[in-house]
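K.L.:
The structure follows.
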Amino acid sequence: MDAVDFTTGFDLPEAGRNMHALMSRLYPIARSITGAGIRETFSILGETLPLTVHRVATGTPAFDWTVPPEWNLRAAWIEGPDGRRVADAAATSLAVVGYSTPVDARMPLAELLPHLHTLPDHPDWIPYRTSYYRETWGFCLPHRVLESLPEGEYHVRIDATLAEGHLDYAECVVGDADDVVLVSTHACHPALCNDNLSGVVVAEALARALAGRTLRHRYVFVFIPTIIGSLVWLSRNPAITGRVRHGLVLACLGDPGAFTYKRSRRGRALVDRAAEHVLGELGGSVEDFVPYGYDERNYCSPGFNLPVGALSRTPHGRFPEYHTSADSLEFVRPEQLAGSLDACLRIVEVLENDRRYVNLNPHGEPRLGKRGLYSVTGGLRPDQRDEYAMFWVLNFSDGAHSLLDIAERSGIPFRIVARAASRLAAAGLLAPGEAGA
Amino acid sequence: MDAVDFTTGFDLPEAGRNMHALMSRLYPIARSITGAGIRETFSILGETLPLTVHRVATGTPAFDWTVPPEWNLRAAWIEGPDGRRVADAAATSLAVVGYSTPVDARMPLAELLPHLHTLPDHPDWIPYRTSYYRETWGFCLPHRVLESLPEGEYHVRIDATLAEGHLDYAECVVGDADDVVLVSTHACHPALCNDNLSGVVVAEALARALAGRTLRHRYVFVFIPTIIGSLVWLSRNPAITGRVRHGLVLACLGDPGAFTYKRSRRGRALVDRAAEHVLGELGGSVEDFVPYGYDERNYCSPGFNLPVGALSRTPHGRFPEYHTSADSLEFVRPEQLAGSLDACLRIVEVLENDRRYVNLNPHGEPRLGKRGLYSVTGGLRPDQRDEYAMFWVLNFSDGAHSLLDIAERSGIPFRIVARAASRLAAAGLLAPGEAGA
Amino acid sequence: MDAVDFTTGFDLPEAGRNMHALMSRLYPIARSITGAGIRETFSILGETLPLTVHRVATGTPAFDWTVPPEWNLRAAWIEGPDGRRVADAAATSLAVVGYSTPVDARMPLAELLPHLHTLPDHPDWIPYRTSYYRETWGFCLPHRVLESLPEGEYHVRIDATLAEGHLDYAECVVGDADDVVLVSTHACHPALCNDNLSGVVVAEALARALAGRTLRHRYVFVFIPTIIGSLVWLSRNPAITGRVRHGLVLACLGDPGAFTYKRSRRGRALVDRAAEHVLGELGGSVEDFVPYGYDERNYCSPGFNLPVGALSRTPHGRFPEYHTSADSLEFVRPEQLAGSLDACLRIVEVLENDRRYVNLNPHGEPRLGKRGLYSVTGGLRPDQRDEYAMFWVLNFSDGAHSLLDIAERSGIPFRIVARAASRLAAAGLLAPGEAGA
């Protein structure tokens, strides 16, 4: 019965504070899909997780793609006619367009303007822009600053290298079972908290919460640069890929919105049903798979078709702070991160505990009273759902229905159904059967 | 065509009055799950039905259960300090807690109070209480009476025996076909009309309405003490159980509410579809199976999984009079009983008449006019549904669709569809095929 | 890619004007299910279509039916007491009840009245009446005229023959593939535009629009007298019938209402899904098959069960002008006919282009940018659905999903999905597989 419950005794509020503190450390690092920033990020994650960092050389093929050159930024700024810096990557890593080519030039405002990106509708916010596959350079700044720029000569400097190097990704494995649960999160975005430091810190906390437990699955956490990272991981891990039974892409898990689960391409995989059941309890909505978004687009490509869904609060692109400086440490709150970790743990709880049982007294209802399974006299009245759950488990433990089937059909939370099954098994009324599909 | 219709020419209002009259005779009898009360009940039912009463000795096993001791009550009362009786089973059988142990004692009010049961929210009503499997004693009375009890010495007397004896149940079989329709109703409740003298009298009237007809099924009516009764019946009738093709548990059929049908565990058994179709006509709602309630919980236990649903008006526990003295002869009305019998007969009508036909002119529509199947000239215009029903039956009588399939798909009542089929068969356009699933 | 789109470059407004002009020529002809009127109609259709007219002798069997006698009308009128004609088929072919027997008699008003049909609720409209299978005669006239008829002697004259002859129907075949698309429309109604000159002229325009194209299917257009015509056609074309893969009955396509598609008896045939998808774009509703209506009742009879649905705007009987003189050349507008032709062409477009593709880079998403499949820099931004459609097609081109499957699942119009597939195939990312089911 203890094995059933993954959150009792777990201090979620403290975990929330820890996640936010970790995010605050990661926030200032200038990350991109390659380079020193993502390596420094993995170095910090390695302090608490048994992390293996993999380096893949520029030009290495990954299916239809190849690993791009490595980009490293030393400095990037614009000095105005008066010598003051109007944009500076030292102040925020959002200031420079990701993968900008080097530049050191003086130019009039009119020549500079096409390289400046702003958000006229949110004049105090700085947008996030990249140009991975088209060589150019640019800066991002508040629209208010842009509007105040005087005519005159500007000094533009981007001290960056775009050269042969490596793409880095990190793995953390918890458990050693044959069946794999893949947890994937992109770790390449710079100073953006919901998208996707929230995914990084929830994955970190989840890995730590599972460490040391007896688990039915091996949990493989991958921290990757988005899109190219999942392609690289998939191309290098055919054996593990074939053993992925369930998976989750974690992203945008720190905002105040309700949960959104995006189904795997399969639609009714166990992880899809587990997430839908948990969100039925915690609140949130479930959406069908669409072939774009984060790395699930690759995990769910037809050559793999892995049972990998995506858990978010407000999905990418649907909150105004998305890909702007307003996606900040204030936007993401510890309680929201804690709630997201709770949802992950509850989904894992289903994956770990779902199984079929066989009713050993299938002819009519067994007498629960003589086995002490009713608590009708004295003491505290148990949750009435505990009693109903026993009837449901007895009636549907016919070899065909798993605990999740029963939870779905009865509308009783999986945890209560699983607890009822444990009690009935302990009383000799049920024999354990196969694990859930 | 005459075979189709089970209610034309049947005097439902008179049947309603007869059912209520029978209920009035059964009402005063002090019934419990064993003992003289239920035997007297069966004796009265035996006046109109060919009833076989089965006696099963205390201690006989029934799967995980055993037949309990027999309880017989001779008298039960409480005399107040002034010698007046404040509760007396002679006035109402609800006054004593069912299966109370014998007692003959004098005690102060404070000692008596824990044995008294009332309904503070309905101070004039007497609750119904039992204690089958825990030895204790008690009385039930109006809360208003309880509140008026003075201090002083009370004389408590329960003259009852709880001893080796028998459990009784009764069977009435109509028809001698191999395929069985099980109609089950509990007959163990004392002075409670909706739950469940209504079920008893509707079953009695249904058995009489079917007697003498040519039937495709054997109808086995069982009158049982609830829960233990169905277990005992199932344990003693493995051969019949294997031939149960359809079944209904009848309960709470006399209140003014709309019908509620609870599906069998199978969910789409023919009886489920028949009941859903009939309630579509008569009004009412259909609910999925849940593994608690009345005896369907045993018939639908996974070791049997019989196609047995439950027909009620307002289900148990959802009307305030439930298990109180307000569930009286006034609460249950003859018209409501008659309507319930009508619903039962219509469900039976589907079970008896559902079959597949084969269209003998399947290429294009046959000419109905030249066969006199249209009545467009002169006379009364028939129900337009009669005409539509002919088209539906012709088009879907392809060997795959039964009349109920066609009724469901067309939205035309089964009776009209079956009548159309009879007319088309008489005109040589259809050949009868297999009986419905 | 050009093959995909059946309406680009097609001048729908001009087609609408042509259809209305053709309808205006056909309107005055006195048509019935047999006789000179329907032959003259086919003669006009033969001016623009390669039409084969089939003549079937009176008395020829067609399954359960036989070809009726041929009816020809030379004149039909009623002269009032003052010698003025109060109804005259020379003015409108609706004036005489179709298949009226000859009469030449003088009679008082009271004797005449039972033979007069009017619409009291629409006193200025003339109803449309026939009596194919019961020998009688009658006239139709505005209720206002009826009310003004004075007492006196009336001269009634119907100069008609009802005699051995023929039933005529016409066929036009476009394409020579083995798989047949049946397009059926009844052409027997007199001066009634929506029901069903609209079906006739839309079918004519569709046949011309398809002529000369490379087609996957052979399109067999049949112009028939309703009900008996489809039976005759089916009875004489068993070989073609066996090759009908899809079909449409066209009727009531000129009124201002939204589209209504009535599913084939199969319900989910490709034509049903194609029509439902197209109506999802163009607006309109989809209804389940019912075994009455137009000729689909015969095509979908159980002995054939052809995948033939029916496309209308407002279905027969649901617009007040139905079967009255108000179903006129003014009620049906060129734009509405053009919109109906557009719907037909789009359904055909799905039937012609639906196929499965196989993604040749199924492991992860291929790089679209390097193949010029993104158009993100400069120029006009394409419809974002073009990009999404590429992702959908790539992800679901796994051999199991056809383009229509993908269009249904994605909610993106078939045309855009098919265009994306063409572009991806041209870029070497997809290999064409089987045609849609």
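If you're wondering about the labels, chains in the structure tokens are A, B, ... by order shown, residues count from 1 in each chain, ligands from 1 in order shown.
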Determine which residues of region 302-350 of chain C DSSP labels as strand (DSSP E or B) from the backbone of this structure, then write them out as a short mmCIF file (atom, residue, chain, number, x, y, z; two decimals) with C-alpha atoms, in the first residue's frame.
P.N.:
data_model
loop_
_atom_site.label_atom_id
_atom_site.label_comp_id
_atom_site.auth_asym_id
_atom_site.auth_seq_id
_atom_site.Cartn_x
_atom_site.Cartn_y
_atom_site.Cartn_z
CA VAL C 308 -24.57 6.74 -53.00
CA GLY C 309 -25.50 9.81 -50.99
CA ALA C 310 -27.74 12.73 -51.87
CA LEU C 311 -26.70 16.35 -52.14
CA SER C 312 -29.28 19.12 -51.83
CA THR C 324 -45.83 24.40 -56.33
#
K.L.:
Counting only C-alpha atoms, which residues of chain B fall within 7 Å of chain C, and what is the closest atom pair for each with its distance in Å at one decimal, ordered by chain and rising number, as JSON lines?
P.N.:
{"residue": "B:Pro362", "atom": "CA", "partner": "C:Gly303", "partner_atom": "CA", "distance": 4.4}
{"residue": "B:His363", "atom": "CA", "partner": "C:Gly303", "partner_atom": "CA", "distance": 4.6}
{"residue": "B:Gly364", "atom": "CA", "partner": "C:Asn298", "partner_atom": "CA", "distance": 4.3}
{"residue": "B:Glu365", "atom": "CA", "partner": "C:Asn298", "partner_atom": "CA", "distance": 6.0}
{"residue": "B:Pro366", "atom": "CA", "partner": "C:Asp64", "partner_atom": "CA", "distance": 5.3}
{"residue": "B:Arg367", "atom": "CA", "partner": "C:Asp64", "partner_atom": "CA", "distance": 6.4}
{"residue": "B:Phe391", "atom": "CA", "partner": "C:Pro291", "partner_atom": "CA", "distance": 5.8}
{"residue": "B:Trp392", "atom": "CA", "partner": "C:Pro291", "partner_atom": "CA", "distance": 5.9}
{"residue": "B:Asn395", "atom": "CA", "partner": "C:Ser301", "partner_atom": "CA", "distance": 5.6}
{"residue": "B:Phe396", "atom": "CA", "partner": "C:Pro302", "partner_atom": "CA", "distance": 6.7}
{"residue": "B:Asp398", "atom": "CA", "partner": "C:Pro302", "partner_atom": "CA", "distance": 6.0}
K.L.:
Set the distance at 9 Å and use only C-alpha atoms: which residues neighbour region 20-23 of chain C once local chain neighbours fewer than 2 positions away are removed? I'd like the list as a VMD selection string.
P.N.:
chain C and resid 15 to 18 25 to 27 44 to 45 193 197 to 198 200 to 201 329 332 to 334 337
K.L.:
Write a file of the just-selected residues containing N, CA and C atoms, as an mmCIF file, in the first residue's frame.
P.N.:
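Output below, filename out.cif:
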data_model
loop_
_atom_site.group_PDB
_atom_site.id
_atom_site.type_symbol
_atom_site.label_atom_id
_atom_site.label_comp_id
_atom_site.auth_asym_id
_atom_site.auth_seq_id
_atom_site.Cartn_x
_atom_site.Cartn_y
_atom_site.Cartn_z
ATOM 1 N N ALA C 15 -20.710 29.732 -65.267
ATOM 2 C CA ALA C 15 -21.399 28.440 -65.238
ATOM 3 C C ALA C 15 -22.786 28.601 -64.629
ATOM 4 N N GLY C 16 -22.892 29.421 -63.592
ATOM 5 C CA GLY C 16 -24.191 29.666 -62.968
ATOM 6 C C GLY C 16 -25.179 30.273 -63.952
ATOM 7 N N ARG C 17 -24.714 31.249 -64.723
ATOM 8 C CA ARG C 17 -25.605 31.876 -65.708
ATOM 9 C C ARG C 17 -26.011 30.867 -66.794
ATOM 10 N N ASN C 18 -25.055 30.050 -67.215
ATOM 11 C CA ASN C 18 -25.382 29.039 -68.232
ATOM 12 C C ASN C 18 -26.412 28.044 -67.716
ATOM 13 N N ARG C 25 -34.777 27.225 -70.637
ATOM 14 C CA ARG C 25 -35.246 26.528 -71.836
ATOM 15 C C ARG C 25 -36.070 25.297 -71.471
ATOM 16 N N LEU C 26 -35.673 24.628 -70.409
ATOM 17 C CA LEU C 26 -36.346 23.369 -70.049
ATOM 18 C C LEU C 26 -37.673 23.605 -69.323
ATOM 19 N N TYR C 27 -37.789 24.775 -68.716
ATOM 20 C CA TYR C 27 -38.927 25.062 -67.843
ATOM 21 C C TYR C 27 -40.280 24.859 -68.520
ATOM 22 N N ILE C 44 -32.634 18.419 -75.696
ATOM 23 C CA ILE C 44 -31.918 19.667 -75.405
ATOM 24 C C ILE C 44 -30.607 19.388 -74.677
ATOM 25 N N LEU C 45 -30.635 18.462 -73.698
ATOM 26 C CA LEU C 45 -29.391 18.125 -72.981
ATOM 27 C C LEU C 45 -28.358 17.548 -73.941
ATOM 28 N N CYS C 193 -38.522 24.258 -60.647
ATOM 29 C CA CYS C 193 -37.114 24.560 -60.900
ATOM 30 C C CYS C 193 -36.169 23.943 -59.891
ATOM 31 N N LEU C 197 -35.262 20.787 -61.890
ATOM 32 C CA LEU C 197 -34.421 21.263 -62.994
ATOM 33 C C LEU C 197 -33.051 21.659 -62.472
ATOM 34 N N SER C 198 -32.968 22.085 -61.206
ATOM 35 C CA SER C 198 -31.659 22.442 -60.642
ATOM 36 C C SER C 198 -30.723 21.232 -60.673
ATOM 37 N N VAL C 200 -30.875 18.730 -62.704
ATOM 38 C CA VAL C 200 -30.572 18.429 -64.107
ATOM 39 C C VAL C 200 -29.461 19.341 -64.630
ATOM 40 N N VAL C 201 -29.586 20.639 -64.352
ATOM 41 C CA VAL C 201 -28.596 21.558 -64.942
ATOM 42 C C VAL C 201 -27.264 21.494 -64.203
ATOM 43 N N LEU C 329 -38.440 29.977 -61.858
ATOM 44 C CA LEU C 329 -37.153 30.497 -62.349
ATOM 45 C C LEU C 329 -36.638 31.647 -61.493
ATOM 46 N N VAL C 332 -34.968 30.026 -58.042
ATOM 47 C CA VAL C 332 -33.634 29.455 -58.233
ATOM 48 C C VAL C 332 -32.739 30.498 -58.887
ATOM 49 N N ARG C 333 -31.593 30.764 -58.258
ATOM 50 C CA ARG C 333 -30.725 31.817 -58.781
ATOM 51 C C ARG C 333 -29.424 31.238 -59.337
ATOM 52 N N PRO C 334 -28.858 31.919 -60.337
ATOM 53 C CA PRO C 334 -27.597 31.453 -60.931
ATOM 54 C C PRO C 334 -26.481 31.249 -59.898
ATOM 55 N N LEU C 337 -26.949 27.999 -58.062
ATOM 56 C CA LEU C 337 -26.568 26.872 -58.913
ATOM 57 C C LEU C 337 -25.050 26.778 -59.005
#
K.L.:
Tell me which protein, DNA and RNA residues are within 7 Å of Pro81 (chain C), counting only C-alpha atoms, leaving out same-chain ones fewer than 5 positions away, and put them as a PDB file with N, CA, C and O atoms, in the first residue's frame.
P.N.:
ATOM      1  N   GLY C 152     -72.574  26.982 -62.648  1.00  0.00           N
ATOM      2  CA  GLY C 152     -72.807  26.916 -64.094  1.00  0.00           C
ATOM      3  C   GLY C 152     -72.181  25.667 -64.666  1.00  0.00           C
ATOM      4  O   GLY C 152     -71.630  24.823 -63.937  1.00  0.00           O
ATOM      5  N   GLU C 153     -72.223  25.568 -65.963  1.00  0.00           N
ATOM      6  CA  GLU C 153     -71.712  24.367 -66.609  1.00  0.00           C
ATOM      7  C   GLU C 153     -70.286  24.609 -67.090  1.00  0.00           C
ATOM      8  O   GLU C 153     -70.007  25.622 -67.749  1.00  0.00           O
ATOM      9  N   TYR C 154     -69.420  23.644 -66.787  1.00  0.00           N
ATOM     10  CA  TYR C 154     -68.015  23.737 -67.176  1.00  0.00           C
ATOM     11  C   TYR C 154     -67.723  22.689 -68.237  1.00  0.00           C
ATOM     12  O   TYR C 154     -68.240  21.572 -68.182  1.00  0.00           O
TER      13      TYR C 154
END
K.L.:
Given the choices A:Glu79, A:Asp104, A:Glu47, A:Asp386, which gets closest to Val417 (chain A) if the distance is worked out from only C-alpha atoms?
P.N.:
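Closest to Val417 (chain A) of all the choices is A:Asp386.
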K.L.:
If you measure from CA of Gly369 (chain B) to CA of Leu424 (chain B), what distance in Å do you get, rounded to one decimal?
P.N.:
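Separation between CA of Gly369 (chain B) and CA of Leu424 (chain B): 12.1 Å.
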K.L.:
Among region 197-400 of chain C, which ones does DSSP assign to helix (DSSP H, G or I) (computed from the backbone)? Answer as a VMD selection string.
P.N.:
chain C and resid 197 to 210 228 to 236 238 to 241 270 to 282 296 to 299 334 to 353 369 to 371 384 to 396
K.L.:
Which of these, C:Ala30, C:Val278, C:Leu430, C:Ala110, has the shortest distance to Leu192 (chain C) once you count only C-alpha atoms?
P.N.:
C:Ala30
K.L.:
Quick one: residues within 9 Å of Thr34 (chain C), only C-alpha atoms, excluding same-chain residues fewer than 2 positions away - as a ChimeraX atom specification?
P.N.:
/C:31-32,36-39,68-72,165-168,188,225
K.L.:
Write out as a ChimeraX atom specification the residues lying within 9 Å of Asp327 (chain B), counting only C-alpha atoms and excluding same-chain residues fewer than 3 positions away.
P.N.:
/B:191-195,255,320-324,330-332
K.L.:
Output N, CA and C atoms of each residue in that selection to a file, as a compact mmCIF listing (two decimals), in the first residue's frame.
P.N.:
# COMPACT_ATOMS: atom_id res chain seq x y z
N ALA B 191 -42.79 -2.83 6.45
CA ALA B 191 -43.82 -1.90 6.00
C ALA B 191 -43.22 -0.75 5.19
N LEU B 192 -42.67 -1.08 4.02
CA LEU B 192 -42.08 -0.10 3.11
C LEU B 192 -42.64 -0.43 1.73
N CYS B 193 -43.32 0.53 1.14
CA CYS B 193 -44.09 0.21 -0.07
C CYS B 193 -43.30 0.33 -1.35
N ASN B 194 -42.59 1.45 -1.51
CA ASN B 194 -41.87 1.60 -2.78
C ASN B 194 -40.68 0.65 -2.78
N ASP B 195 -39.96 0.65 -1.67
CA ASP B 195 -38.84 -0.29 -1.50
C ASP B 195 -39.22 -1.32 -0.44
N ASP B 255 -43.31 4.88 -6.96
CA ASP B 255 -43.28 6.32 -6.64
C ASP B 255 -43.64 7.13 -7.88
N PRO B 320 -36.82 11.14 -0.50
CA PRO B 320 -36.68 11.35 0.95
C PRO B 320 -37.43 10.30 1.78
N GLU B 321 -38.49 9.72 1.22
CA GLU B 321 -39.27 8.73 1.96
C GLU B 321 -38.54 7.39 2.09
N TYR B 322 -37.44 7.24 1.34
CA TYR B 322 -36.70 5.97 1.32
C TYR B 322 -36.36 5.48 2.73
N HIS B 323 -36.71 4.23 3.00
CA HIS B 323 -36.40 3.60 4.28
C HIS B 323 -36.95 4.38 5.48
N THR B 324 -38.18 4.86 5.30
CA THR B 324 -38.89 5.50 6.41
C THR B 324 -40.36 5.10 6.33
N GLU B 330 -49.80 5.37 0.77
CA GLU B 330 -50.23 6.60 0.11
C GLU B 330 -49.17 7.08 -0.89
N PHE B 331 -47.91 6.82 -0.56
CA PHE B 331 -46.82 7.28 -1.43
C PHE B 331 -46.86 6.54 -2.77
N VAL B 332 -47.21 5.29 -2.72
CA VAL B 332 -47.25 4.46 -3.93
C VAL B 332 -48.68 4.44 -4.46
K.L.:
Residues near Trp233 (chain A), anyone? I mean within 9 Å using only C-alpha atoms, not counting same-chain ones fewer than 3 positions away, as number ranges by chain.
P.N.:
A: 62, 169, 222, 224, 228-230, 236-238
